[in-house]
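Asker: Okay, so here is final.cif, and as you'll see once you scroll down, it has mmCIF, C-alpha atoms.
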data_input
loop_
_atom_site.group_PDB
_atom_site.id
_atom_site.type_symbol
_atom_site.label_atom_id
_atom_site.label_comp_id
_atom_site.auth_asym_id
_atom_site.auth_seq_id
_atom_site.Cartn_x
_atom_site.Cartn_y
_atom_site.Cartn_z
ATOM 1 C CA MET R 1 -1.666 -42.809 -53.123
ATOM 2 C CA LEU R 2 0.227 -42.224 -56.355
ATOM 3 C CA ASP R 3 1.723 -39.076 -54.852
ATOM 4 C CA GLN R 4 2.952 -41.077 -51.868
ATOM 5 C CA LEU R 5 4.435 -43.676 -54.187
ATOM 6 C CA PHE R 6 6.182 -40.897 -56.097
ATOM 7 C CA ASN R 7 7.626 -39.607 -52.807
ATOM 8 C CA ILE R 8 9.021 -43.064 -52.045
ATOM 9 C CA VAL R 9 10.692 -43.114 -55.450
ATOM 10 C CA LYS R 10 12.116 -39.624 -54.892
ATOM 11 C CA ASN R 11 13.511 -40.709 -51.538
ATOM 12 C CA PHE R 12 15.445 -43.640 -52.980
ATOM 13 C CA GLY R 13 16.069 -41.765 -56.234
ATOM 14 C CA GLN R 14 18.275 -39.249 -54.480
ATOM 15 C CA ASP R 15 21.070 -41.812 -54.491
ATOM 16 C CA ALA R 16 20.115 -43.974 -57.479
ATOM 17 C CA VAL R 17 19.254 -41.093 -59.831
ATOM 18 C CA VAL R 18 20.025 -37.556 -58.620
ATOM 19 C CA ASN R 19 23.523 -38.290 -57.320
ATOM 20 C CA ASN R 20 24.270 -40.672 -60.189
ATOM 21 C CA PRO R 21 26.514 -39.156 -62.891
ATOM 22 C CA ASP R 22 25.186 -41.698 -65.390
ATOM 23 C CA VAL R 23 21.794 -39.951 -65.315
ATOM 24 C CA PRO R 24 21.849 -36.438 -66.841
ATOM 25 C CA ASN R 25 20.460 -33.931 -64.356
ATOM 26 C CA GLU R 26 17.834 -32.672 -66.785
ATOM 27 C CA HIS R 27 16.276 -36.147 -66.789
ATOM 28 C CA ASN R 28 16.196 -36.709 -63.017
ATOM 29 C CA GLU R 29 12.542 -35.851 -62.405
ATOM 30 C CA ASN R 30 11.261 -37.646 -65.496
ATOM 31 C CA VAL R 31 13.289 -40.769 -64.690
ATOM 32 C CA MET R 32 11.734 -40.884 -61.230
ATOM 33 C CA ALA R 33 8.275 -40.278 -62.709
ATOM 34 C CA ASP R 34 8.866 -43.196 -65.080
ATOM 35 C CA ALA R 35 9.984 -45.366 -62.157
ATOM 36 C CA THR R 36 6.761 -44.491 -60.338
ATOM 37 C CA SER R 37 4.750 -45.298 -63.446
ATOM 38 C CA THR R 38 6.593 -48.604 -63.838
ATOM 39 C CA VAL R 39 5.700 -49.724 -60.310
ATOM 40 C CA ALA R 40 2.119 -48.433 -60.419
ATOM 41 C CA GLY R 41 1.469 -49.710 -63.939
ATOM 42 C CA GLY R 42 3.019 -53.068 -63.145
ATOM 43 C CA LEU R 43 0.799 -53.564 -60.107
ATOM 44 C CA ARG R 44 -2.277 -52.421 -62.040
ATOM 45 C CA ASN R 45 -1.576 -54.833 -64.900
ATOM 46 C CA ILE R 46 -1.120 -57.708 -62.469
ATOM 47 C CA VAL R 47 -4.462 -56.914 -60.848
ATOM 48 C CA ALA R 48 -6.081 -56.676 -64.298
ATOM 49 C CA GLY R 49 -4.705 -60.111 -65.140
ATOM 50 C CA GLY R 50 -6.195 -61.683 -62.029
ATOM 51 C CA GLY R 51 -2.921 -61.739 -60.108
ATOM 52 C CA PHE R 52 -3.999 -59.915 -56.948
ATOM 53 C CA GLN R 53 -3.000 -62.967 -54.898
ATOM 54 C CA SER R 54 0.591 -62.469 -56.093
ATOM 55 C CA ILE R 55 0.553 -58.897 -54.793
ATOM 56 C CA LEU R 56 -0.737 -60.121 -51.440
ATOM 57 C CA ASP R 57 2.080 -62.670 -51.329
ATOM 58 C CA LEU R 58 4.658 -60.005 -52.204
ATOM 59 C CA PHE R 59 3.437 -57.643 -49.494
ATOM 60 C CA LYS R 60 3.223 -60.471 -46.985
ATOM 61 C CA GLY R 61 6.826 -61.437 -47.765
ATOM 62 C CA ALA R 62 8.076 -57.855 -47.432
ATOM 63 C CA ALA R 63 6.324 -57.457 -44.099
ATOM 64 C CA GLY R 64 7.804 -60.634 -42.656
ATOM 65 C CA GLY R 65 11.153 -60.755 -44.406
ATOM 66 C CA SER R 66 14.460 -59.556 -43.001
ATOM 67 C CA GLY R 67 16.445 -59.236 -46.218
ATOM 68 C CA GLY R 68 15.015 -55.906 -47.318
ATOM 69 C CA ALA R 69 14.994 -54.854 -50.952
ATOM 70 C CA SER R 70 17.672 -57.359 -51.926
ATOM 71 C CA SER R 71 15.507 -60.260 -50.792
ATOM 72 C CA ILE R 72 12.566 -59.288 -53.012
ATOM 73 C CA ALA R 73 14.608 -58.337 -56.082
ATOM 74 C CA SER R 74 14.153 -61.870 -57.449
ATOM 75 C CA ASN R 75 10.381 -61.832 -56.914
ATOM 76 C CA PRO R 76 8.748 -62.293 -60.353
ATOM 77 C CA ILE R 77 6.738 -59.091 -59.981
ATOM 78 C CA VAL R 78 9.782 -57.035 -59.023
ATOM 79 C CA SER R 79 11.932 -58.668 -61.708
ATOM 80 C CA MET R 80 9.326 -57.821 -64.326
ATOM 81 C CA MET R 81 9.187 -54.197 -63.220
ATOM 82 C CA THR R 82 12.969 -53.920 -63.096
ATOM 83 C CA GLY R 83 13.363 -55.336 -66.603
ATOM 84 C CA HIS R 84 10.698 -52.991 -67.966
ATOM 85 C CA PHE R 85 12.402 -49.993 -66.355
ATOM 86 C CA ILE R 86 15.816 -51.033 -67.702
ATOM 87 C CA ASP R 87 14.391 -51.046 -71.235
ATOM 88 C CA LYS R 88 12.869 -47.606 -70.683
ATOM 89 C CA LEU R 89 16.138 -46.164 -69.355
ATOM 90 C CA ILE R 90 18.018 -47.498 -72.366
ATOM 91 C CA ASN R 91 15.520 -46.585 -75.070
ATOM 92 C CA LYS R 92 14.118 -43.321 -73.688
ATOM 93 C CA TYR R 93 17.088 -41.839 -71.841
ATOM 94 C CA ASN R 94 19.979 -43.444 -73.743
ATOM 95 C CA LEU R 95 21.609 -44.925 -70.664
ATOM 96 C CA SER R 96 24.056 -47.739 -71.239
ATOM 97 C CA PRO R 97 22.783 -51.223 -70.391
ATOM 98 C CA SER R 98 25.087 -51.435 -67.376
ATOM 99 C CA ALA R 99 24.052 -47.995 -66.062
ATOM 100 C CA ALA R 100 20.374 -48.747 -66.654
ATOM 101 C CA SER R 101 20.679 -52.083 -64.837
ATOM 102 C CA SER R 102 22.375 -50.389 -61.895
ATOM 103 C CA VAL R 103 19.726 -47.666 -61.579
ATOM 104 C CA ALA R 104 16.753 -50.004 -62.008
ATOM 105 C CA GLY R 105 18.282 -52.740 -59.852
ATOM 106 C CA LYS R 106 18.455 -50.321 -56.938
ATOM 107 C CA LEU R 107 15.431 -48.099 -57.403
ATOM 108 C CA ILE R 108 12.673 -50.576 -58.239
ATOM 109 C CA PRO R 109 13.303 -53.175 -55.480
ATOM 110 C CA GLN R 110 13.843 -50.433 -52.876
ATOM 111 C CA THR R 111 10.622 -48.705 -53.879
ATOM 112 C CA VAL R 112 8.503 -51.868 -53.956
ATOM 113 C CA ASN R 113 9.940 -53.095 -50.658
ATOM 114 C CA SER R 114 9.223 -49.787 -48.922
ATOM 115 C CA LEU R 115 5.733 -49.585 -50.427
ATOM 116 C CA ALA R 116 4.943 -53.145 -49.387
ATOM 117 C CA GLN R 117 6.290 -52.726 -45.854
ATOM 118 C CA GLN R 118 4.449 -49.470 -45.245
ATOM 119 C CA THR R 119 1.209 -50.803 -46.711
ATOM 120 C CA ALA R 120 1.437 -53.999 -44.661
ATOM 121 C CA ASP R 121 1.959 -52.019 -41.450
ATOM 122 C CA PRO R 122 -1.521 -51.759 -39.872
ATOM 123 C CA SER R 123 -0.399 -48.770 -37.787
ATOM 124 C CA ASN R 124 0.467 -46.728 -40.895
ATOM 125 C CA GLN R 125 -2.840 -45.167 -41.890
ATOM 126 C CA GLN R 126 -1.297 -43.196 -44.780
ATOM 127 C CA PHE R 127 -0.567 -46.396 -46.694
ATOM 128 C CA THR R 128 -3.417 -48.865 -47.101
ATOM 129 C CA LEU R 129 -3.991 -51.573 -49.646
ATOM 130 C CA ASP R 130 -7.432 -50.125 -50.305
ATOM 131 C CA GLY R 131 -5.963 -46.740 -51.157
ATOM 132 C CA LEU R 132 -3.218 -48.248 -53.307
ATOM 133 C CA ILE R 133 -5.434 -50.545 -55.367
ATOM 134 C CA GLY R 134 -8.128 -47.880 -55.584
ATOM 135 C CA SER R 135 -5.646 -45.372 -56.995
ATOM 136 C CA LEU R 136 -4.538 -47.902 -59.609
ATOM 137 C CA THR R 137 -8.006 -49.006 -60.707
ATOM 138 C CA GLY R 138 -9.772 -45.655 -60.439
ATOM 139 C CA GLY R 139 -12.137 -47.101 -57.865
ATOM 140 C CA GLY R 140 -11.108 -45.040 -54.856
ATOM 141 C CA GLY R 141 -10.952 -46.738 -51.464
ATOM 142 C CA GLN R 142 -12.395 -50.213 -51.078
ATOM 143 C CA GLY R 143 -14.038 -49.650 -47.708
ATOM 144 C CA GLY R 144 -11.212 -51.181 -45.697
ATOM 145 C CA GLY R 145 -11.767 -54.726 -46.912
ATOM 146 C CA LEU R 146 -8.477 -55.142 -48.748
ATOM 147 C CA GLN R 147 -6.409 -53.830 -45.857
ATOM 148 C CA ASP R 148 -8.223 -56.194 -43.511
ATOM 149 C CA LEU R 149 -7.458 -58.996 -45.932
ATOM 150 C CA LEU R 150 -3.761 -58.100 -45.964
ATOM 151 C CA ASN R 151 -3.713 -57.830 -42.189
ATOM 152 C CA SER R 152 -5.203 -61.315 -41.960
ATOM 153 C CA PHE R 153 -2.079 -62.569 -43.737
ATOM 154 C CA THR R 154 0.516 -60.394 -42.017
ATOM 155 C CA GLY R 155 -0.945 -59.895 -38.564
ATOM 156 C CA GLY R 156 -1.365 -63.464 -37.438
ATOM 157 C CA GLY R 157 -4.651 -64.208 -39.198
ATOM 158 C CA SER R 158 -4.986 -67.585 -40.830
ATOM 159 C CA SER R 159 -5.534 -68.057 -44.528
ATOM 160 C CA GLY R 160 -7.972 -70.628 -45.719
ATOM 161 C CA SER R 161 -8.117 -72.605 -48.921
ATOM 162 C CA LYS R 162 -7.306 -71.289 -52.366
ATOM 163 C CA GLY R 163 -10.843 -69.956 -52.642
ATOM 164 C CA ALA R 164 -11.005 -68.032 -49.384
ATOM 165 C CA ALA R 165 -8.742 -66.138 -46.999
ATOM 166 C CA GLY R 166 -8.928 -65.914 -43.227
ATOM 167 C CA GLY R 167 -11.625 -63.717 -41.717
ATOM 168 C CA GLY R 168 -14.350 -64.941 -44.051
ATOM 169 C CA PHE R 169 -13.029 -63.231 -47.174
ATOM 170 C CA ASP R 170 -13.953 -64.783 -50.501
ATOM 171 C CA LEU R 171 -10.631 -64.214 -52.199
ATOM 172 C CA GLN R 172 -11.684 -65.425 -55.632
ATOM 173 C CA ASN R 173 -14.602 -62.974 -55.738
ATOM 174 C CA ILE R 174 -12.292 -60.157 -54.616
ATOM 175 C CA ILE R 175 -9.751 -61.036 -57.304
ATOM 176 C CA GLY R 176 -12.455 -61.138 -59.969
ATOM 177 C CA SER R 177 -13.921 -57.787 -58.964
ATOM 178 C CA LEU R 178 -10.539 -56.060 -58.815
ATOM 179 C CA SER R 179 -9.510 -57.567 -62.137
ATOM 180 C CA GLU R 180 -12.611 -56.161 -63.799
ATOM 181 C CA LYS R 181 -12.036 -52.688 -62.337
ATOM 182 C CA ALA R 182 -8.391 -52.694 -63.408
ATOM 183 C CA GLN R 183 -9.315 -53.819 -66.923
ATOM 184 C CA ASN R 184 -11.860 -50.999 -67.172
ATOM 185 C CA SER R 185 -9.221 -48.489 -66.078
ATOM 186 C CA LEU R 186 -7.043 -49.596 -68.986
ATOM 187 C CA GLN R 187 -9.734 -48.826 -71.545
ATOM 188 C CA PRO R 188 -9.725 -45.521 -73.480
ATOM 189 C CA GLY R 189 -11.029 -42.855 -71.148
ATOM 190 C CA GLY R 190 -10.092 -44.866 -68.073
ATOM 191 C CA GLN R 191 -7.402 -43.808 -65.634
ATOM 192 C CA GLY R 192 -4.867 -46.050 -67.312
ATOM 193 C CA GLY R 193 -5.847 -45.272 -70.896
ATOM 194 C CA GLY R 194 -4.027 -42.817 -73.134
ATOM 195 C CA GLY R 195 -1.097 -42.319 -70.807
ATOM 196 C CA GLY R 196 -3.380 -41.055 -68.031
ATOM 197 C CA LEU R 197 -1.377 -42.737 -65.277
ATOM 198 C CA MET R 198 1.865 -41.092 -66.382
ATOM 199 C CA ASP R 199 0.113 -37.734 -66.794
ATOM 200 C CA MET R 200 -1.094 -37.940 -63.196
ATOM 201 C CA ILE R 201 2.366 -38.805 -61.928
ATOM 202 C CA LYS R 202 4.030 -35.983 -63.868
ATOM 203 C CA GLY R 203 1.565 -33.659 -62.159
ATOM 204 C CA PHE R 204 3.428 -34.318 -58.901
ATOM 205 C CA ILE R 205 6.644 -32.839 -60.296
ATOM 206 C CA SER R 206 7.103 -29.387 -58.860
#
What's the structure tokens form of this structure?

Answerer:
Amino acid sequence: MLDQLFNIVKNFGQDAVVNNPDVPNEHNENVMADATSTVAGGLRNIVAGGGFQSILDLFKGAAGGSGGASSIASNPIVSMMTGHFIDKLINKYNLSPSAASSVAGKLIPQTVNSLAQQTADPSNQQFTLDGLIGSLTGGGGQGGGLQDLLNSFTGGGSSGSKGAAGGGFDLQNIIGSLSEKAQNSLQPGGQGGGGGLMDMIKGFIS
């Protein structure tokens, strides 16, 4: 799903990056690749740290919210990604702080909101939580269980206590398993080690 995430970034990047005179044209593709890496890497690191519940909450909020990207810009996950991308735009591409804040403040929330909405839509088979998390942890699809879990939150299912979600899911076991997979992907030789994630994303640049 990294290629689909990259396409989302390119869609919103047409205005925030390509048509933005503050971003030199020769950097357009790499800036959008870095934005993709920021979102993907941010989600992967949250999973590795045991924060999968926070991702579920973010996607649930995007699916049910009416404020669009602006309403999730203050979400801690999105704020973290935006701040990281601002630093990268300043230090790697020499954008001014104000220009970097403008680009990141548009591109990251728009991308995350679109990703979350499409993934939370049970009728959109191209975007599933299993495919997304699998692409980030190197584990492939998760057999449909994660998407079912998300649907239990966004499609009228009830959530249980802190230890379990609706539909009989043991959320704590799921979080632990995903955290371990994400941590392994960050090790040397894993998908996330040695810049592997960014290398994969740059492979989508035509």

Asker: Using the chain letters and residue numbers of this document, give as a VMD selection string the residues selected by the PyMOL selection byres ((chain R and resi 27-29) around 10).

Answerer: chain R and resid 10 13 to 14 16 to 20 23 to 26 30 to 35 93 202 204 to 206

Asker: For range 79-90 of chain R, find every residue with an atom within 7 Å (counting all atoms listed in the file), except residues of its own chain fewer than 5 positions away, and show them as a ChimeraX atom specification.

Answerer: /R:35,38-39,42,73-74,95-97,100-101,104-105,108

Asker: Set the distance at 10 Å and use all atoms listed in the file: which residues neighbour Thr128 in chain R once local chain neighbours fewer than 5 positions away are removed? I'd like the list as a ChimeraX atom specification.

Answerer: /R:1,115-116,118-123,133-134,141-142,144,146-148,150

Asker: Save out the residues we just selected, C-alpha atoms, as an mmCIF file, in the coordinates of the input.

Answerer:
data_model
loop_
_atom_site.group_PDB
_atom_site.id
_atom_site.type_symbol
_atom_site.label_atom_id
_atom_site.label_comp_id
_atom_site.auth_asym_id
_atom_site.auth_seq_id
_atom_site.Cartn_x
_atom_site.Cartn_y
_atom_site.Cartn_z
ATOM 1 C CA MET R 1 -1.666 -42.809 -53.123
ATOM 2 C CA LEU R 115 5.733 -49.585 -50.427
ATOM 3 C CA ALA R 116 4.943 -53.145 -49.387
ATOM 4 C CA GLN R 118 4.449 -49.470 -45.245
ATOM 5 C CA THR R 119 1.209 -50.803 -46.711
ATOM 6 C CA ALA R 120 1.437 -53.999 -44.661
ATOM 7 C CA ASP R 121 1.959 -52.019 -41.450
ATOM 8 C CA PRO R 122 -1.521 -51.759 -39.872
ATOM 9 C CA SER R 123 -0.399 -48.770 -37.787
ATOM 10 C CA ILE R 133 -5.434 -50.545 -55.367
ATOM 11 C CA GLY R 134 -8.128 -47.880 -55.584
ATOM 12 C CA GLY R 141 -10.952 -46.738 -51.464
ATOM 13 C CA GLN R 142 -12.395 -50.213 -51.078
ATOM 14 C CA GLY R 144 -11.212 -51.181 -45.697
ATOM 15 C CA LEU R 146 -8.477 -55.142 -48.748
ATOM 16 C CA GLN R 147 -6.409 -53.830 -45.857
ATOM 17 C CA ASP R 148 -8.223 -56.194 -43.511
ATOM 18 C CA LEU R 150 -3.761 -58.100 -45.964
#

Asker: As an exercise, work out the distance from CA of Gly41 in chain R to CA of Gln126 in chain R in Å and give it to one decimal place.

Answerer: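 Atom-to-atom, CA of Gly41 in chain R to CA of Gln126 in chain R, that is 20.4 Å.
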
Asker: From the options R:Gly138, R:Pro109, R:Gly61, R:Pro21, which residue's atoms come nearest to Ser185 in chain R, counting only C-alpha atoms?

Answerer: R:Gly138

Asker: Determine the nearest neighbour of Ile175 in chain R from the options R:Ile55, R:Ala40, R:Leu2, R:Val103, counting all atoms listed in the file.

Answerer: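 That would be R:Ile55, the residue with the smallest distance to Ile175 in chain R.
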